[in-house]
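Asker: Just passing along the structure, written as structure tokens.
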Amino acid sequence: MIDPSTYDSLGQLLSDALIQFKTDTALIEARRREESLRLQYREFSASALRVANRLQAAGIGAGDRVAILMSNQSKWLLSAYAVFFRGAVLVPLDYKLSPEEQAALLAHCRPAALVTEHGIWRRLPDLAVPLALVSEAPASFGAPAGVERWEATQERPAEADFVPRSREDVATIVYSSGTGGTPKGCMLPHRAYLAQLDGLLQLFPMERGDRYFSILPTNHAIDFLVGFVGPLCCGATVVHQRTLRPELLLWTMQQYGITHMAVVPLILAAFERALRERIDALPRWQRVAFEGLVATNAALTERRPRTALSRRLLGPIHEAFGGRLKRLFCGGAFVERQRAEFFYRLGIPVVIGYGLTEACTVVTVGGLAPYRADSVGRPVPGVEIRIVDPDAGGVGEVQVRGDTLMAGYLDAPELTEAAFDGPWLRTGDLGHVDGSGHLHLLGRRKNMVVTAGGKNVYPEDIEGAFAAVPCEEMAVFAADYLWPRRGLVGERLVAVVRPGTSEREAWRVLRERNRRLPDFKRVDGVVPWVEPFPRTASMKLKRGALAEAIRAHLDRDAVRPLARLEGP
Amino acid sequence: MNAPDDLLPRLTALAGRRFGPRAATLGPDEDFFEALGIDSLQALDLLTELEDAFGVEVPDYELQGVNTFGGLAEVLRSRL
């Protein structure tokens with residue numbers, strides 16, 4: 001393993017790993033049930049240097065920004081390494097955003113080059129990017145000026161000049177929130193990644209030959225670390241599947257003997273569904289025998305995971321996942337305790353983590369020995385947490401300190417200042433720390449919800465969709481922000497509405513507009529409100545003051561479910 | 001190649017086989033997440049089946065924001 005603490009930059013760290021592991025397999029890419037690419041470490045290096053050669057020819061070097069807007073695939077990692085090799089700053093953009101949202105972030109970060117794939121490129125509005133490398137374009141692709149096929153880089157020489165960086169130089173700019181208001185581009189220095197990797201590899205070292213299946217978007221902080229940089233500095237293999245359909249997930253896990261994966265709760269739920277189907281399909285006597293084995297396994301692994309033993313006891317279950325799975329990481333949104341325990345009883349530890357982009361990725365992770373799914377765990381090495389202004393029950397805002405923190409938000413000094421309390425990062429999450437040092441999260445101080453798919457949704461962003469609703473005033477809130485409660489799953493959005501003359505018409509339009517939104521952005525209910533909303537001199541809504549007034553007069557029961565509002 | 005105008009009824013019929021009779025009666029503008037109580041992964045399962053039936057390949061991310069059979073038919077049509 002390469003020791004991250006001895007390096008100054010991600011470029012240097014990866015460069016050494018590519019030399020050290022030479023003939024090990026770095027990457028496998030499958031398209032459905034066919035393997036489309038397999039690269040050794042030295043082949044990875046050569047391919048990436050050809051991309052770096054193109055970037056260098058375009059004059060891209062220290063501090064220049066290069067955006068990557070791609071689904072999970074080999075060219076993402078090859079291009080990212082090329083960016084670091086040239087000392088440039090990587091801006092990973094979310095390929096799941098809408099084309100307009102993507103264009104807005106590109107306009108915000110003004111990259112010197114964009115690396116993307118044709119399916120995404122063709123939906124983007126016209127952009128002023130000096131250089132775009134577009135992969136997988138059809139034969140008919142007529143590249144306009146400044147636009148080239150990514151594949152053409154592979155005809156260039158595998159040489160480029162390495163540009164060194166220091167620990168404090170910015171490595172990436174990662175957007176932690178979408179689109180409404182000022183985009184929050186977290187500037188993460190090399191130091192943050194190196195410190196985070198160091199801490200994570202102490203807890204969860206990977207071995208040569210391990211295989212990480214990368215399914216969370218690589219632009220997301222978690223996959224970037226545990227699905228790209230982490231495996232490569234351990235000599236492990238990253239596996240990509242270009243088509244992330246549920247049945248192909250299981251096929252890929254079986255085909256390649258996957259050992260590690262990071263997932264969101266939605267995927268965990270799909271896995272549980274697949275397993276339960278398997279168990280239910282067994283004849284009754286086998287099911288009884290199987291349940292006995294599960295109980296035995298649970299008893300034998302009470303103090304710590306014993307993967308090899310679990311695999312022997314519960315072979316058929318483990319085979320469904322390929323038979324080599326060592327652990328699943330689950331973060332992004334919050335895992336239901338019963339679900340995590342279901343997997344642990346079957347011998348598959350689900351490591352539950354808590355983190356945020358502003359702190360590189362991971363702040364705390366759950367313990368495995370003994371397994372605990374009742375908290376989000378303890379701080380990872382190199383990270384400290386504190387609870388600020390705790391109430392009588394010890395609950396207050398969680399703040400984070402350590403080398404993993406961002407340098408600030410890009411071009412947003414006010415947001416940056418508001419994000420920090422001295423050297424401490426304010427998370428906006430509420431929690432307490434128990435006697436054994438485990439962090440329990442209890443709610444959110446921010447007006448935000450996290451979906452089961454791991455998306456952060458800011459209600460302010462949704463209000464525009466309801467502009468056509470005929471009412472005096474309206475604002476969208478996370479119900480848990482109006483009425484804080486214990487728990488982070490099943491968060492809901494509500495619309496606070498001051499109706500005009502026709503309440504009935506308002507509800508009708510509201511319901512109609514709501515249906516057009518993606519499911520995770522929909523409101524579930526309405527809170528009718530008669531007082532004019534508190535506003536600043538410039539008519540900006542005072543969100544906090546309105547929330548306080550609502551809290552003082554109404555409770556959760558006042559929410560009227562959208563489905564039961566009167567109207568046609 | 002399939003005639004584009006019978007795309008929607010064929011799509012609806014396939015969805016009906018996968019998600020039950022309620023799906024087979026769903027209108028082109030009705031929200032299938034809401035009406036059928038399915039999640040986005042189950043919608044991807046349906047997409048795989050549609051790809052096989054219509055002989056096209058659609059990247060997963062093109063399903064973002066699509067929540068009606070009409071919208072799904074559009075996505076397929078643009079790839080035919």
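For the structure tokens, the naming scheme is as follows: chains receive sequential letters (A, B, ...) according to their order of presentation, residues are indexed from 1 within each chain, and ligands are indexed from 1 in presentation order.
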Counting only C-alpha atoms, give me one row per residue of chain A with an atom at most 9 Å from an atom of chain B, showing the shortest contact pair and its distance in Å to one decimal, sorted by chain then residue number, as a Markdown table.
Answerer:
```
| residue | atom | partner | partner_atom | distance |
| --- | --- | --- | --- | --- |
| A:Ser71 | CA | B:Tyr61 | CA | 8.2 |
| A:Tyr95 | CA | B:Tyr61 | CA | 7.5 |
| A:Lys96 | CA | B:Tyr61 | CA | 6.0 |
| A:Leu97 | CA | B:Gln64 | CA | 8.1 |
| A:Ser98 | CA | B:Gln64 | CA | 7.9 |
| A:Gly119 | CA | B:Pro59 | CA | 7.5 |
| A:Ile120 | CA | B:Tyr61 | CA | 8.5 |
| A:Arg242 | CA | B:Pro59 | CA | 8.1 |
| A:Thr243 | CA | B:Asp60 | CA | 6.6 |
| A:Leu244 | CA | B:Asp60 | CA | 7.0 |
| A:Arg245 | CA | B:Leu44 | CA | 6.0 |
| A:Pro246 | CA | B:Leu41 | CA | 6.7 |
| A:Glu247 | CA | B:Asp45 | CA | 7.8 |
| A:Leu266 | CA | B:Leu41 | CA | 8.1 |
| A:Ile267 | CA | B:Leu41 | CA | 8.0 |
| A:Ala270 | CA | B:Leu41 | CA | 7.7 |
| A:Arg515 | CA | B:Asp31 | CA | 6.8 |
| A:Arg516 | CA | B:Asn67 | CA | 7.9 |
| A:Leu517 | CA | B:Gly65 | CA | 7.4 |
| A:Pro518 | CA | B:Gly65 | CA | 5.1 |
| A:Asp519 | CA | B:Phe33 | CA | 7.3 |
```
Asker: Emit the selected residues as a PDB file, in the first residue's frame, including N, CA and C atoms.
Answerer:
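That gives us out.pdb:
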```pdb
ATOM      1  N   SER A  71     -20.707   9.876 -16.855  1.00  0.00           N
ATOM      2  CA  SER A  71     -21.183   8.817 -15.974  1.00  0.00           C
ATOM      3  C   SER A  71     -19.973   7.965 -15.574  1.00  0.00           C
ATOM      4  N   TYR A  95     -23.449  14.267 -13.288  1.00  0.00           N
ATOM      5  CA  TYR A  95     -24.053  13.949 -14.585  1.00  0.00           C
ATOM      6  C   TYR A  95     -25.554  13.726 -14.479  1.00  0.00           C
ATOM      7  N   LYS A  96     -26.070  13.662 -13.250  1.00  0.00           N
ATOM      8  CA  LYS A  96     -27.513  13.449 -13.097  1.00  0.00           C
ATOM      9  C   LYS A  96     -28.305  14.747 -13.025  1.00  0.00           C
ATOM     10  N   LEU A  97     -27.627  15.881 -12.984  1.00  0.00           N
ATOM     11  CA  LEU A  97     -28.361  17.148 -12.994  1.00  0.00           C
ATOM     12  C   LEU A  97     -28.985  17.369 -14.367  1.00  0.00           C
ATOM     13  N   SER A  98     -29.904  18.329 -14.445  1.00  0.00           N
ATOM     14  CA  SER A  98     -30.492  18.648 -15.750  1.00  0.00           C
ATOM     15  C   SER A  98     -29.448  19.415 -16.573  1.00  0.00           C
ATOM     16  N   GLY A 119     -23.597  11.412 -24.990  1.00  0.00           N
ATOM     17  CA  GLY A 119     -24.982  11.388 -24.537  1.00  0.00           C
ATOM     18  C   GLY A 119     -25.323  12.582 -23.657  1.00  0.00           C
ATOM     19  N   ILE A 120     -24.343  13.070 -22.897  1.00  0.00           N
ATOM     20  CA  ILE A 120     -24.546  14.234 -22.034  1.00  0.00           C
ATOM     21  C   ILE A 120     -24.333  15.509 -22.841  1.00  0.00           C
ATOM     22  N   ARG A 242     -21.362   0.058 -17.328  1.00  0.00           N
ATOM     23  CA  ARG A 242     -21.926   1.232 -17.985  1.00  0.00           C
ATOM     24  C   ARG A 242     -23.441   1.303 -17.866  1.00  0.00           C
ATOM     25  N   THR A 243     -24.074   0.186 -17.586  1.00  0.00           N
ATOM     26  CA  THR A 243     -25.529   0.177 -17.469  1.00  0.00           C
ATOM     27  C   THR A 243     -25.895  -0.290 -16.065  1.00  0.00           C
ATOM     28  N   LEU A 244     -26.278   0.642 -15.222  1.00  0.00           N
ATOM     29  CA  LEU A 244     -26.479   0.290 -13.814  1.00  0.00           C
ATOM     30  C   LEU A 244     -27.909  -0.167 -13.546  1.00  0.00           C
ATOM     31  N   ARG A 245     -28.330  -1.224 -14.226  1.00  0.00           N
ATOM     32  CA  ARG A 245     -29.664  -1.765 -13.957  1.00  0.00           C
ATOM     33  C   ARG A 245     -29.534  -2.791 -12.839  1.00  0.00           C
ATOM     34  N   PRO A 246     -30.588  -2.892 -12.010  1.00  0.00           N
ATOM     35  CA  PRO A 246     -30.482  -3.803 -10.864  1.00  0.00           C
ATOM     36  C   PRO A 246     -29.978  -5.210 -11.214  1.00  0.00           C
ATOM     37  N   GLU A 247     -30.502  -5.832 -12.280  1.00  0.00           N
ATOM     38  CA  GLU A 247     -30.072  -7.213 -12.555  1.00  0.00           C
ATOM     39  C   GLU A 247     -28.628  -7.241 -13.040  1.00  0.00           C
ATOM     40  N   LEU A 266     -31.245   3.446  -1.168  1.00  0.00           N
ATOM     41  CA  LEU A 266     -32.127   2.927  -2.222  1.00  0.00           C
ATOM     42  C   LEU A 266     -31.599   1.612  -2.801  1.00  0.00           C
ATOM     43  N   ILE A 267     -30.289   1.523  -3.018  1.00  0.00           N
ATOM     44  CA  ILE A 267     -29.688   0.303  -3.561  1.00  0.00           C
ATOM     45  C   ILE A 267     -29.725  -0.804  -2.509  1.00  0.00           C
ATOM     46  N   ALA A 270     -32.967  -2.344  -2.641  1.00  0.00           N
ATOM     47  CA  ALA A 270     -33.130  -3.233  -3.802  1.00  0.00           C
ATOM     48  C   ALA A 270     -32.432  -4.570  -3.542  1.00  0.00           C
ATOM     49  N   ARG A 515     -47.114  17.403  -9.739  1.00  0.00           N
ATOM     50  CA  ARG A 515     -47.001  16.142 -10.472  1.00  0.00           C
ATOM     51  C   ARG A 515     -45.899  16.185 -11.508  1.00  0.00           C
ATOM     52  N   ARG A 516     -45.592  17.395 -12.009  1.00  0.00           N
ATOM     53  CA  ARG A 516     -44.582  17.496 -13.063  1.00  0.00           C
ATOM     54  C   ARG A 516     -43.156  17.449 -12.523  1.00  0.00           C
ATOM     55  N   LEU A 517     -43.008  17.576 -11.215  1.00  0.00           N
ATOM     56  CA  LEU A 517     -41.662  17.579 -10.630  1.00  0.00           C
ATOM     57  C   LEU A 517     -41.140  16.153 -10.505  1.00  0.00           C
ATOM     58  N   PRO A 518     -39.805  15.982 -10.526  1.00  0.00           N
ATOM     59  CA  PRO A 518     -39.270  14.656 -10.217  1.00  0.00           C
ATOM     60  C   PRO A 518     -39.713  14.252  -8.806  1.00  0.00           C
ATOM     61  N   ASP A 519     -39.890  12.964  -8.580  1.00  0.00           N
ATOM     62  CA  ASP A 519     -40.528  12.527  -7.328  1.00  0.00           C
ATOM     63  C   ASP A 519     -39.860  13.079  -6.072  1.00  0.00           C
TER      64      ASP A 519
END
```
Asker: Looking only at the backbone, which of the residues in range 317-513 of chain A does DSSP tag as helix (DSSP H, G or I), as JSON, numbers by chain?
Answerer: {"A": [317, 318, 319, 320, 337, 338, 339, 340, 341, 342, 343, 344, 345, 357, 358, 359, 413, 414, 415, 416, 417, 418, 419, 459, 460, 461, 463, 464, 465, 466, 479, 480, 481, 482, 503, 504, 505, 506, 507, 508, 509, 510, 511, 512, 513]}
Asker: State, in Å with one decimal place, the distance from CA of Pro561 in chain A to CA of Ala35 in chain B.
Answerer: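 Separation of CA of Pro561 in chain A and CA of Ala35 in chain B: 16.3 Å.
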Asker: Tell me which of A:Ile258, A:Val89, A:Val383, A:Cys233 sits closest to Pro189 in chain A, counting only C-alpha atoms.
Answerer: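 Of the candidates, the smallest distance to Pro189 in chain A is held by A:Val89.
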Asker: For CA of Ile215 in chain A and CA of Gln241 in chain A, quote the distance in Å rounded to one decimal.
Answerer: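 Answer for the CA of Ile215 in chain A to CA of Gln241 in chain A separation: 7.7 Å.
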Asker: Find the residues near Ala15 in chain B: any atom within 10 Å, counting only C-alpha atoms, skip ones fewer than 6 places away on the same chain, and give them as a list in words.
Answerer: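 Skipping anything fewer than 6 positions along the chain leaves Pro9, Pro21, Arg22, Ala23, Ala24, Thr25, Leu26, Phe32, Ala43, Leu46, Leu47, Glu49, Leu50 and Phe69 of chain B.
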Asker: Excluding Tyr354 in chain A and any residue of its chain fewer than 5 positions from it, enumerate the residues within 6 Å of it, using only C-alpha atoms, and give them as a list in words.
Answerer: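 Once the nearby chain positions are removed, what remains is Val362, Val363, Thr364 and Val376 of chain A.
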Asker: Between B:Val56, B:Leu8, B:Gly20, B:Gly27, single out the one closest to Arg79 in chain B, counting only C-alpha atoms.
Answerer: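 Nearest candidate to Arg79 in chain B out of B:Val56, B:Leu8, B:Gly20, B:Gly27: B:Val56.
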Asker: Rounded to one decimal in Å, what is the spacing between CA of Val350 in chain A and CA of Ala479 in chain A?
Answerer: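 Here the two named atoms are 28.8 Å from each other.
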Asker: Would you please extract all strand (DSSP E or B) residues from range 201-381 of chain A, as assigned by DSSP on the backbone, and give them as a PyMOL selection string?
Answerer: chain A and resi 211-213+237-241+260-263+327-330+350-355+362-365+368+371+378-379
Asker: Could you please take those selected residues and save C-alpha atoms as a PDB file, in the first residue's frame?
Answerer:
```pdb
ATOM      1  CA  ARG A 211     -12.315  -5.323  -6.404  1.00  0.00           C
ATOM      2  CA  TYR A 212     -14.311  -2.184  -5.890  1.00  0.00           C
ATOM      3  CA  PHE A 213     -17.527  -1.808  -7.884  1.00  0.00           C
ATOM      4  CA  THR A 237      -9.192  -2.939  -9.122  1.00  0.00           C
ATOM      5  CA  VAL A 238     -12.014  -0.519  -9.925  1.00  0.00           C
ATOM      6  CA  VAL A 239     -14.922  -2.108 -11.814  1.00  0.00           C
ATOM      7  CA  HIS A 240     -17.378  -0.057 -13.860  1.00  0.00           C
ATOM      8  CA  GLN A 241     -20.677  -1.197 -15.362  1.00  0.00           C
ATOM      9  CA  HIS A 260     -16.232  -3.620  -1.822  1.00  0.00           C
ATOM     10  CA  MET A 261     -19.031  -1.270  -2.819  1.00  0.00           C
ATOM     11  CA  ALA A 262     -20.412   2.034  -1.670  1.00  0.00           C
ATOM     12  CA  VAL A 263     -24.176   2.311  -2.025  1.00  0.00           C
ATOM     13  CA  ARG A 327     -18.298  -4.957   3.018  1.00  0.00           C
ATOM     14  CA  LEU A 328     -20.730  -2.362   1.812  1.00  0.00           C
ATOM     15  CA  PHE A 329     -20.338   1.322   2.619  1.00  0.00           C
ATOM     16  CA  CYS A 330     -23.501   3.315   2.947  1.00  0.00           C
ATOM     17  CA  VAL A 350     -22.771  -2.423   6.087  1.00  0.00           C
ATOM     18  CA  VAL A 351     -20.460   0.369   7.204  1.00  0.00           C
ATOM     19  CA  ILE A 352     -22.598   3.394   7.937  1.00  0.00           C
ATOM     20  CA  GLY A 353     -20.941   6.739   7.551  1.00  0.00           C
ATOM     21  CA  TYR A 354     -21.730  10.374   7.958  1.00  0.00           C
ATOM     22  CA  GLY A 355     -20.059  13.120   6.076  1.00  0.00           C
ATOM     23  CA  VAL A 362     -16.371  11.229   5.739  1.00  0.00           C
ATOM     24  CA  VAL A 363     -16.598  12.600   9.258  1.00  0.00           C
ATOM     25  CA  THR A 364     -17.668   9.532  11.243  1.00  0.00           C
ATOM     26  CA  VAL A 365     -18.069   5.824  10.483  1.00  0.00           C
ATOM     27  CA  LEU A 368     -17.741  -3.127  13.186  1.00  0.00           C
ATOM     28  CA  TYR A 371     -21.299  -4.042  14.945  1.00  0.00           C
ATOM     29  CA  ARG A 378     -17.050   7.693  15.694  1.00  0.00           C
ATOM     30  CA  PRO A 379     -14.863  10.311  14.001  1.00  0.00           C
TER      31      PRO A 379
END
```
Asker: Could you list, as an mmCIF file with C-alpha atoms, in the first residue's frame, every residue within 12 Å of Pro534 in chain A, counting only C-alpha atoms and ignoring same-chain residues fewer than 5 positions away?
Answerer:
```cif
data_model
loop_
_atom_site.group_PDB
_atom_site.id
_atom_site.type_symbol
_atom_site.label_atom_id
_atom_site.label_comp_id
_atom_site.auth_asym_id
_atom_site.auth_seq_id
_atom_site.Cartn_x
_atom_site.Cartn_y
_atom_site.Cartn_z
ATOM 1 C CA GLU A 473 -47.643 34.014 -1.096
ATOM 2 C CA MET A 474 -46.040 30.614 -0.923
ATOM 3 C CA ALA A 475 -42.846 29.091 0.444
ATOM 4 C CA MET A 539 -38.858 41.861 -0.041
ATOM 5 C CA LYS A 540 -36.700 38.807 0.507
ATOM 6 C CA LEU A 541 -38.511 36.164 2.533
ATOM 7 C CA LYS A 542 -37.310 35.866 6.126
ATOM 8 C CA ARG A 543 -37.436 32.125 6.140
ATOM 9 C CA GLY A 544 -36.313 31.652 9.726
ATOM 10 C CA ALA A 545 -38.859 34.124 11.076
ATOM 11 C CA LEU A 546 -41.713 32.536 9.129
ATOM 12 C CA ALA A 547 -40.689 29.085 10.337
ATOM 13 C CA GLU A 548 -40.635 30.339 13.909
ATOM 14 C CA ALA A 549 -44.094 31.886 13.617
ATOM 15 C CA ILE A 550 -45.498 28.676 12.148
#
```
Asker: List as a ChimeraX atom specification the protein and nucleic acid residues near range 502-513 of chain A, meaning an atom at most 10 Å away when only C-alpha atoms are counted, but skip any in the same chain fewer than 6 places from it.
Answerer: /A:465-472,495,522-526,528,562-563,565-568
